[in-house]
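Engineer: What follows is input-v8.csv, made up of CSV, C-alpha atoms:
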chain,number,residue,atom,x,y,z
A,1,MET,CA,0.1,57.7,165.6
A,2,ASP,CA,2.9,59.2,163.6
A,3,ILE,CA,3.2,62.9,164.7
A,4,TYR,CA,3.2,64.2,161.1
A,5,ARG,CA,0.0,62.3,160.3
A,6,LEU,CA,-1.5,64.0,163.4
A,7,VAL,CA,-0.3,67.4,162.3
A,8,ASP,CA,-1.8,66.8,158.9
A,9,LEU,CA,-5.1,65.7,160.4
A,10,TYR,CA,-5.2,68.9,162.4
A,11,LYS,CA,-4.4,70.9,159.3
A,12,THR,CA,-7.2,69.3,157.4
A,13,THR,CA,-9.6,69.9,160.2
A,14,ILE,CA,-8.7,73.6,160.3
A,15,ASP,CA,-8.7,74.0,156.5
A,16,ASP,CA,-12.2,72.4,156.2
A,17,ARG,CA,-13.5,75.1,158.5
A,18,ARG,CA,-11.5,78.1,157.4
A,19,ARG,CA,-8.7,78.5,154.9
A,20,PHE,CA,-6.3,81.3,155.8
A,21,ASN,CA,-6.2,83.7,152.9
A,22,GLY,CA,-7.2,87.2,152.3
A,23,GLU,CA,-8.7,88.8,155.5
A,24,SER,CA,-8.4,85.7,157.6
A,25,LEU,CA,-4.7,85.5,156.8
A,26,ILE,CA,-4.2,89.1,157.9
A,27,GLN,CA,-6.0,88.2,161.2
A,28,LEU,CA,-3.7,85.3,161.7
A,29,LYS,CA,-0.6,87.4,160.9
A,30,ASP,CA,-1.7,90.1,163.4
A,31,TYR,CA,-2.5,87.6,166.1
A,32,TYR,CA,0.9,86.0,166.2
A,33,ARG,CA,2.9,89.2,165.5
A,34,ILE,CA,3.2,90.1,169.2
A,35,GLY,CA,3.7,86.6,170.6
A,36,LEU,CA,6.3,85.5,168.1
A,37,THR,CA,8.3,88.7,168.4
A,38,TRP,CA,8.2,88.5,172.2
A,39,SER,CA,9.0,84.8,172.5
A,40,SER,CA,11.8,84.8,170.0
A,41,ASN,CA,13.5,87.8,171.6
A,42,ALA,CA,13.0,86.4,175.1
A,43,LEU,CA,14.7,83.2,174.1
A,44,GLU,CA,17.8,85.4,173.4
A,45,GLY,CA,17.7,87.2,176.7
A,46,ASN,CA,15.6,90.2,175.8
A,47,THR,CA,13.6,91.0,179.0
A,48,LEU,CA,10.7,92.9,177.5
A,49,THR,CA,7.5,91.3,178.7
A,50,GLU,CA,4.8,90.3,176.2
A,51,SER,CA,2.7,93.2,177.4
A,52,GLU,CA,5.6,95.6,177.0
A,53,THR,CA,6.2,94.2,173.5
A,54,LYS,CA,2.5,94.7,172.7
A,55,VAL,CA,2.4,98.3,173.9
A,56,LEU,CA,5.7,99.1,172.0
A,57,LEU,CA,4.5,97.6,168.7
A,58,GLU,CA,0.9,98.8,168.8
A,59,ASP,CA,1.2,102.1,170.6
A,60,GLY,CA,4.9,103.1,170.1
A,61,LEU,CA,5.5,103.4,173.9
A,62,THR,CA,8.8,102.1,175.2
A,63,ALA,CA,9.3,100.3,178.5
A,64,GLY,CA,11.0,102.4,181.1
A,65,GLY,CA,14.3,101.2,182.5
A,66,LYS,CA,14.9,98.7,179.7
A,67,PRO,CA,17.9,98.9,177.4
A,68,LEU,CA,17.2,100.7,174.1
A,69,ARG,CA,18.6,97.6,172.3
A,70,TYR,CA,15.6,95.6,173.5
A,71,THR,CA,13.3,98.1,171.9
A,72,PHE,CA,15.2,98.0,168.6
A,73,GLU,CA,15.1,94.2,168.7
A,74,ALA,CA,11.4,94.1,169.1
A,75,ILE,CA,10.7,96.7,166.4
A,76,GLY,CA,13.2,95.1,164.0
A,77,HIS,CA,11.8,91.6,164.6
A,78,ALA,CA,8.3,92.8,163.9
A,79,LYS,CA,9.4,94.3,160.6
A,80,ALA,CA,11.1,91.0,159.6
A,81,TYR,CA,8.0,89.1,160.7
A,82,ASP,CA,5.8,91.3,158.4
A,83,PHE,CA,8.3,90.7,155.6
A,84,MET,CA,8.0,87.0,156.2
A,85,PHE,CA,4.3,87.1,155.2
A,86,THR,CA,5.2,88.7,151.8
A,87,LEU,CA,7.0,85.4,150.9
A,88,ILE,CA,4.0,83.2,151.6
A,89,LYS,CA,3.2,82.4,147.9
A,90,ASN,CA,6.8,81.9,146.8
A,91,ARG,CA,7.5,78.5,148.3
A,92,THR,CA,11.2,79.3,148.2
A,93,ILE,CA,13.6,81.1,150.5
A,94,THR,CA,16.5,82.9,148.8
A,95,GLY,CA,19.7,84.6,150.0
A,96,ILE,CA,18.1,87.9,149.4
A,97,ASP,CA,15.1,87.0,151.5
A,98,ILE,CA,17.4,86.0,154.5
A,99,LEU,CA,19.6,89.1,154.1
A,100,THR,CA,16.6,91.3,154.0
A,101,MET,CA,15.1,89.8,157.1
A,102,HIS,CA,18.4,90.2,159.0
A,103,GLU,CA,18.8,93.8,157.8
A,104,MET,CA,15.3,94.7,159.0
A,105,PHE,CA,15.9,93.0,162.4
A,106,TYR,CA,19.4,94.3,163.0
A,107,GLU,CA,19.6,97.7,161.3
A,108,ASN,CA,19.0,99.8,164.4
A,109,VAL,CA,21.0,97.4,166.6
A,110,GLU,CA,24.3,97.4,164.7
A,111,SER,CA,23.9,98.9,161.2
A,112,ASP,CA,27.4,97.9,160.1
A,113,TYR,CA,26.5,94.2,160.3
A,114,ALA,CA,22.8,94.4,159.3
A,115,GLY,CA,22.0,92.2,156.3
A,116,LYS,CA,25.7,91.1,156.0
A,117,TYR,CA,27.3,87.8,156.7
A,118,ARG,CA,29.9,88.0,159.5
A,119,ASP,CA,33.5,88.5,158.8
A,120,MET,CA,34.8,87.1,162.1
A,121,ASP,CA,34.9,83.6,163.6
A,122,LEU,CA,32.5,82.8,166.5
A,123,PHE,CA,32.0,80.1,169.0
A,124,ILE,CA,28.7,79.3,170.7
A,125,SER,CA,28.9,79.4,174.5
A,126,GLY,CA,27.9,76.0,176.0
A,127,SER,CA,28.1,74.1,172.7
A,128,LYS,CA,30.6,71.4,171.9
A,129,TYR,CA,30.4,72.0,168.2
A,130,PRO,CA,32.0,74.8,166.1
A,131,VAL,CA,30.0,76.9,163.7
A,132,THR,CA,31.1,77.6,160.1
A,133,GLU,CA,34.4,79.6,159.7
A,134,ALA,CA,33.8,83.1,158.4
A,135,LYS,CA,35.8,82.4,155.2
A,136,ARG,CA,33.4,79.5,154.3
A,137,ILE,CA,30.1,81.1,155.1
A,138,HIS,CA,29.2,82.1,151.5
A,139,VAL,CA,30.0,78.5,150.3
A,140,LYS,CA,27.9,76.9,153.1
A,141,MET,CA,25.0,79.3,152.5
A,142,ASP,CA,25.0,78.6,148.8
A,143,GLU,CA,24.9,74.9,149.7
A,144,LEU,CA,21.9,75.6,151.9
A,145,PHE,CA,20.0,77.4,149.2
A,146,GLN,CA,20.7,74.6,146.8
A,147,TRP,CA,19.4,72.2,149.3
A,148,ILE,CA,16.2,74.3,149.7
A,149,ALA,CA,15.7,74.3,146.0
A,150,THR,CA,16.3,70.6,145.3
A,151,GLU,CA,15.4,68.7,148.5
A,152,ARG,CA,12.4,70.4,149.9
A,153,ASN,CA,9.9,67.9,148.5
A,154,GLN,CA,11.8,65.0,150.0
A,155,PHE,CA,10.6,66.0,153.5
A,156,HIS,CA,7.3,66.4,155.3
A,157,PRO,CA,6.8,70.2,155.3
A,158,VAL,CA,7.2,70.4,159.1
A,159,ALA,CA,10.3,68.3,159.1
A,160,PHE,CA,11.7,70.5,156.3
A,161,ALA,CA,11.1,73.6,158.4
A,162,ALA,CA,12.9,72.0,161.4
A,163,GLN,CA,15.8,70.9,159.2
A,164,LEU,CA,16.0,74.4,157.7
A,165,HIS,CA,16.2,75.9,161.2
A,166,LYS,CA,18.9,73.4,162.2
A,167,ARG,CA,21.1,73.7,159.1
A,168,PHE,CA,20.9,77.5,159.2
A,169,VAL,CA,21.8,77.9,162.9
A,170,PHE,CA,24.7,75.4,162.5
A,171,ILE,CA,26.2,77.7,159.9
A,172,HIS,CA,25.5,80.8,162.1
A,173,PRO,CA,26.1,83.2,159.2
A,174,PHE,CA,25.5,86.5,161.1
A,175,LYS,CA,27.4,88.3,163.9
A,176,ASP,CA,24.1,88.2,165.9
A,177,GLY,CA,20.5,87.4,165.4
A,178,ASN,CA,21.0,83.9,164.0
A,179,GLY,CA,18.5,82.2,166.3
A,180,ARG,CA,15.8,84.8,165.5
A,181,ILE,CA,16.4,84.6,161.8
A,182,ALA,CA,16.4,80.8,162.0
A,183,ARG,CA,13.0,80.8,163.6
A,184,LEU,CA,11.7,83.3,161.1
A,185,ILE,CA,12.8,81.3,158.1
A,186,MET,CA,11.5,78.1,159.7
A,187,ASN,CA,8.1,79.8,160.1
A,188,THR,CA,8.3,81.1,156.5
A,189,ALA,CA,8.6,77.6,155.3
A,190,LEU,CA,5.7,76.5,157.4
A,191,ILE,CA,3.3,79.2,156.2
A,192,GLN,CA,4.3,78.7,152.6
A,193,ASP,CA,3.0,75.2,152.9
A,194,GLY,CA,-0.1,76.2,154.8
A,195,TYR,CA,0.9,75.1,158.3
A,196,MET,CA,0.5,77.1,161.5
A,197,LEU,CA,3.5,78.8,163.0
A,198,ALA,CA,5.9,77.1,165.5
A,199,VAL,CA,6.1,79.4,168.5
A,200,ILE,CA,8.7,78.4,171.1
A,201,PRO,CA,7.9,80.0,174.5
A,202,PRO,CA,10.8,81.0,176.8
A,203,VAL,CA,9.7,78.3,179.3
A,204,LEU,CA,10.9,75.7,176.8
A,205,ARG,CA,14.3,77.4,176.2
A,206,HIS,CA,16.4,74.8,177.9
A,207,GLU,CA,14.7,71.9,176.1
A,208,TYR,CA,15.0,73.8,172.8
A,209,ILE,CA,18.7,74.5,173.2
A,210,GLU,CA,19.4,71.0,174.4
A,211,LEU,CA,17.7,69.4,171.4
A,212,LEU,CA,19.5,71.7,169.0
A,213,GLU,CA,22.8,70.6,170.5
A,214,LYS,CA,21.7,67.0,170.3
A,215,ALA,CA,20.7,67.5,166.7
A,216,HIS,CA,24.4,67.5,165.7
A,217,ARG,CA,24.2,63.7,166.4
A,218,ASP,CA,20.5,62.9,166.1
A,219,ASP,CA,18.0,65.5,164.7
A,220,LYS,CA,14.8,63.5,165.0
A,221,PRO,CA,14.0,64.7,168.6
A,222,PHE,CA,14.4,68.3,167.4
A,223,GLU,CA,12.1,67.7,164.4
A,224,GLN,CA,9.5,66.2,166.8
A,225,PHE,CA,9.8,69.2,169.1
A,226,ILE,CA,9.1,71.6,166.3
A,227,ALA,CA,6.1,69.4,165.2
A,228,GLU,CA,4.8,69.6,168.7
A,229,ARG,CA,5.0,73.4,168.6
A,230,VAL,CA,3.1,73.5,165.3
A,231,MET,CA,0.4,71.2,166.8
A,232,GLU,CA,0.1,73.6,169.8
A,233,SER,CA,-0.6,76.5,167.4
A,234,GLN,CA,-3.1,74.3,165.6
A,235,ARG,CA,-4.9,73.5,168.8
A,236,GLU,CA,-5.0,77.1,169.7
A,237,ILE,CA,-6.6,78.1,166.4
A,238,MET,CA,-9.1,75.3,166.7
A,239,ARG,CA,-10.2,76.6,170.1
A,240,PHE,CA,-10.6,80.1,168.7
A,241,LEU,CA,-12.7,78.7,165.8
A,242,HIS,CA,-14.8,76.6,168.2
A,243,ILE,CA,-13.6,73.4,166.6
A,244,SER,CA,-13.6,70.3,168.8
A,245,ILE,CA,-10.0,69.1,168.9
A,246,PRO,CA,-10.1,65.6,167.2
A,247,LYS,CA,-9.4,62.6,169.2
A,248,PHE,CA,-7.2,60.2,167.2
Show the structure stored in the file as structure tokens.

Structural biologist:
Amino acid sequence: MDIYRLVDLYKTTIDDRRRFNGESLIQLKDYYRIGLTWSSNALEGNTLTESETKVLLEDGLTAGGKPLRYTFEAIGHAKAYDFMFTLIKNRTITGIDILTMHEMFYENVESDYAGKYRDMDLFISGSKYPVTEAKRIHVKMDELFQWIATERNQFHPVAFAAQLHKRFVFIHPFKDGNGRIARLIMNTALIQDGYMLAVIPPVLRHEYIELLEKAHRDDKPFEQFIAERVMESQREIMRFLHISIPKF
């Protein structure tokens, strides 16, 4: 069975039992706030554990012996995550949205670059492909927003979210935090269309990076990887709602 058809069948199964709006949406947001913050930061080398992230965000207690930057990254990501849910009814993602997310995430890490496109050229360690030159970032980002506005309906919503992630990270518009913002805007697109979040656990880091690198030549495996992550969240929610996972 086509993976997108399966994702949609899972979505229908969940929606028939409980549509996530109002209080149920708040519960969903609260449930994934810790896990998505921890996993996204861990993918980038932040060594806070999921438990340490939970204690930090819920109780305000920092982890002893860990760099202060890791604390700021967790707090900043959680703020950007909360902001993501304010965009749920818009069904668009703008330049202001992305700059606001980055500012929230990065303001206590390096305030001079928070919410601002980079003014220096970068290269990605381990990648054979260059990212956009600093002088062309504004042009490439404008092209990305035009693509969002005009081409979104040409894709399955999960494929669009994966494409958005890929296209953004290939531009790499910020000095740091590009992967985390890419995953946030990907999940923004998913929740705007009523799909579950795609959570990428650190154990899948190698596969995730490998597929992103391969996506320069063939992006279908990366799209499928993201669809599988959405399906895993769907299965998790079905278990919580005591819904038998359909056998198709």

Engineer: With all atoms listed in the file as the basis for distance, which of A:Tyr81, A:Glu73, A:Leu28, A:Leu87 is at the shortest distance from Glu107 in chain A?

Structural biologist: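 Selected residue with least distance to Glu107 in chain A: A:Glu73.
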
Engineer: Could you please give me, as a VMD selection string, the residues of protein, DNA or RNA lying at most 12 Å from (13.6, 76.4, 160.4) in the coordinate frame of the file, considering only C-alpha atoms?

Structural biologist: chain A and resid 93 98 144 148 157 to 170 178 to 191 197 to 200 212 222 to 223 225 to 227 230

Engineer: Using all atoms listed in the file, what table do you get, as CSV, when you list each residue of range 88-178 of chain A with an atom no more than 12 Å from range 39-49 of chain A, its nearest pair of atoms, and their distance in Å rounded to one decimal, rows by chain then rising number?

Structural biologist:
residue,atom,partner,partner_atom,distance
A:Phe105,CA,A:Asn41,CA,10.8
A:Asp176,CA,A:Glu44,CA,10.2
A:Gly177,CA,A:Glu44,CA,8.7
A:Asn178,CA,A:Glu44,CA,10.0

Engineer: Kindly indicate which residue among A:Phe85, A:Leu99, A:Glu23, A:Tyr106 lies nearest to Thr71 in chain A, using all atoms listed in the file for the distances.

Structural biologist: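 Comparing A:Phe85, A:Leu99, A:Glu23, A:Tyr106 against Thr71 in chain A, the winner is A:Tyr106.
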
Engineer: Using only C-alpha atoms, which of the listed residues (A:Gln234, A:Ala80, A:Glu58, A:Met104) sits closest to Gly194 in chain A?

Structural biologist: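 Selected residue with least distance to Gly194 in chain A: A:Gln234.
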
Engineer: Return the single residue from A:His216, A:Gln224, A:Ala63, A:Ala114 that is closest to Ser127 in chain A, with distances computed using all atoms listed in the file.

Structural biologist: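 The answer is A:His216, which sits nearest to Ser127 in chain A.
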
Engineer: For CA of Gly95 in chain A and CA of Glu228 in chain A, quote the distance in Å rounded to one decimal.

Structural biologist: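 Between CA of Gly95 in chain A and CA of Glu228 in chain A the gap works out to 28.2 Å.
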
Engineer: Measuring atom to atom with all atoms listed in the file, identify which of A:Met196, A:Glu213, A:Ala78, A:Met141 is nearest to Met238 in chain A.

Structural biologist: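 So, comparing all the options, the nearest one is A:Met196.
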
Engineer: Could you name the residues that touch Pro173 in chain A at 10 Å or less, counting all atoms listed in the file, but leaving out those on the same chain fewer than 2 positions away, as a list in words?

Structural biologist: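 So, after excluding close chain neighbours, the residues are Lys116, Tyr117, Arg118, Asp119, Met120, Asp121, Leu122, Val131, Thr132, Glu133, Ala134, Arg136, Ile137, His138, Lys140, Met141, Phe168, Val169, Phe170, Ile171, Lys175, Asp176, Gly177 and Asn178 of chain A.
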
Engineer: Please determine, counting only C-alpha atoms, which residue among A:Lys11, A:Asp59, A:Ile124, A:Arg18 has the shortest atom-to-atom distance to His242 in chain A.

Structural biologist: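 Residue with the minimum atom-to-atom distance to His242 in chain A: A:Arg18.
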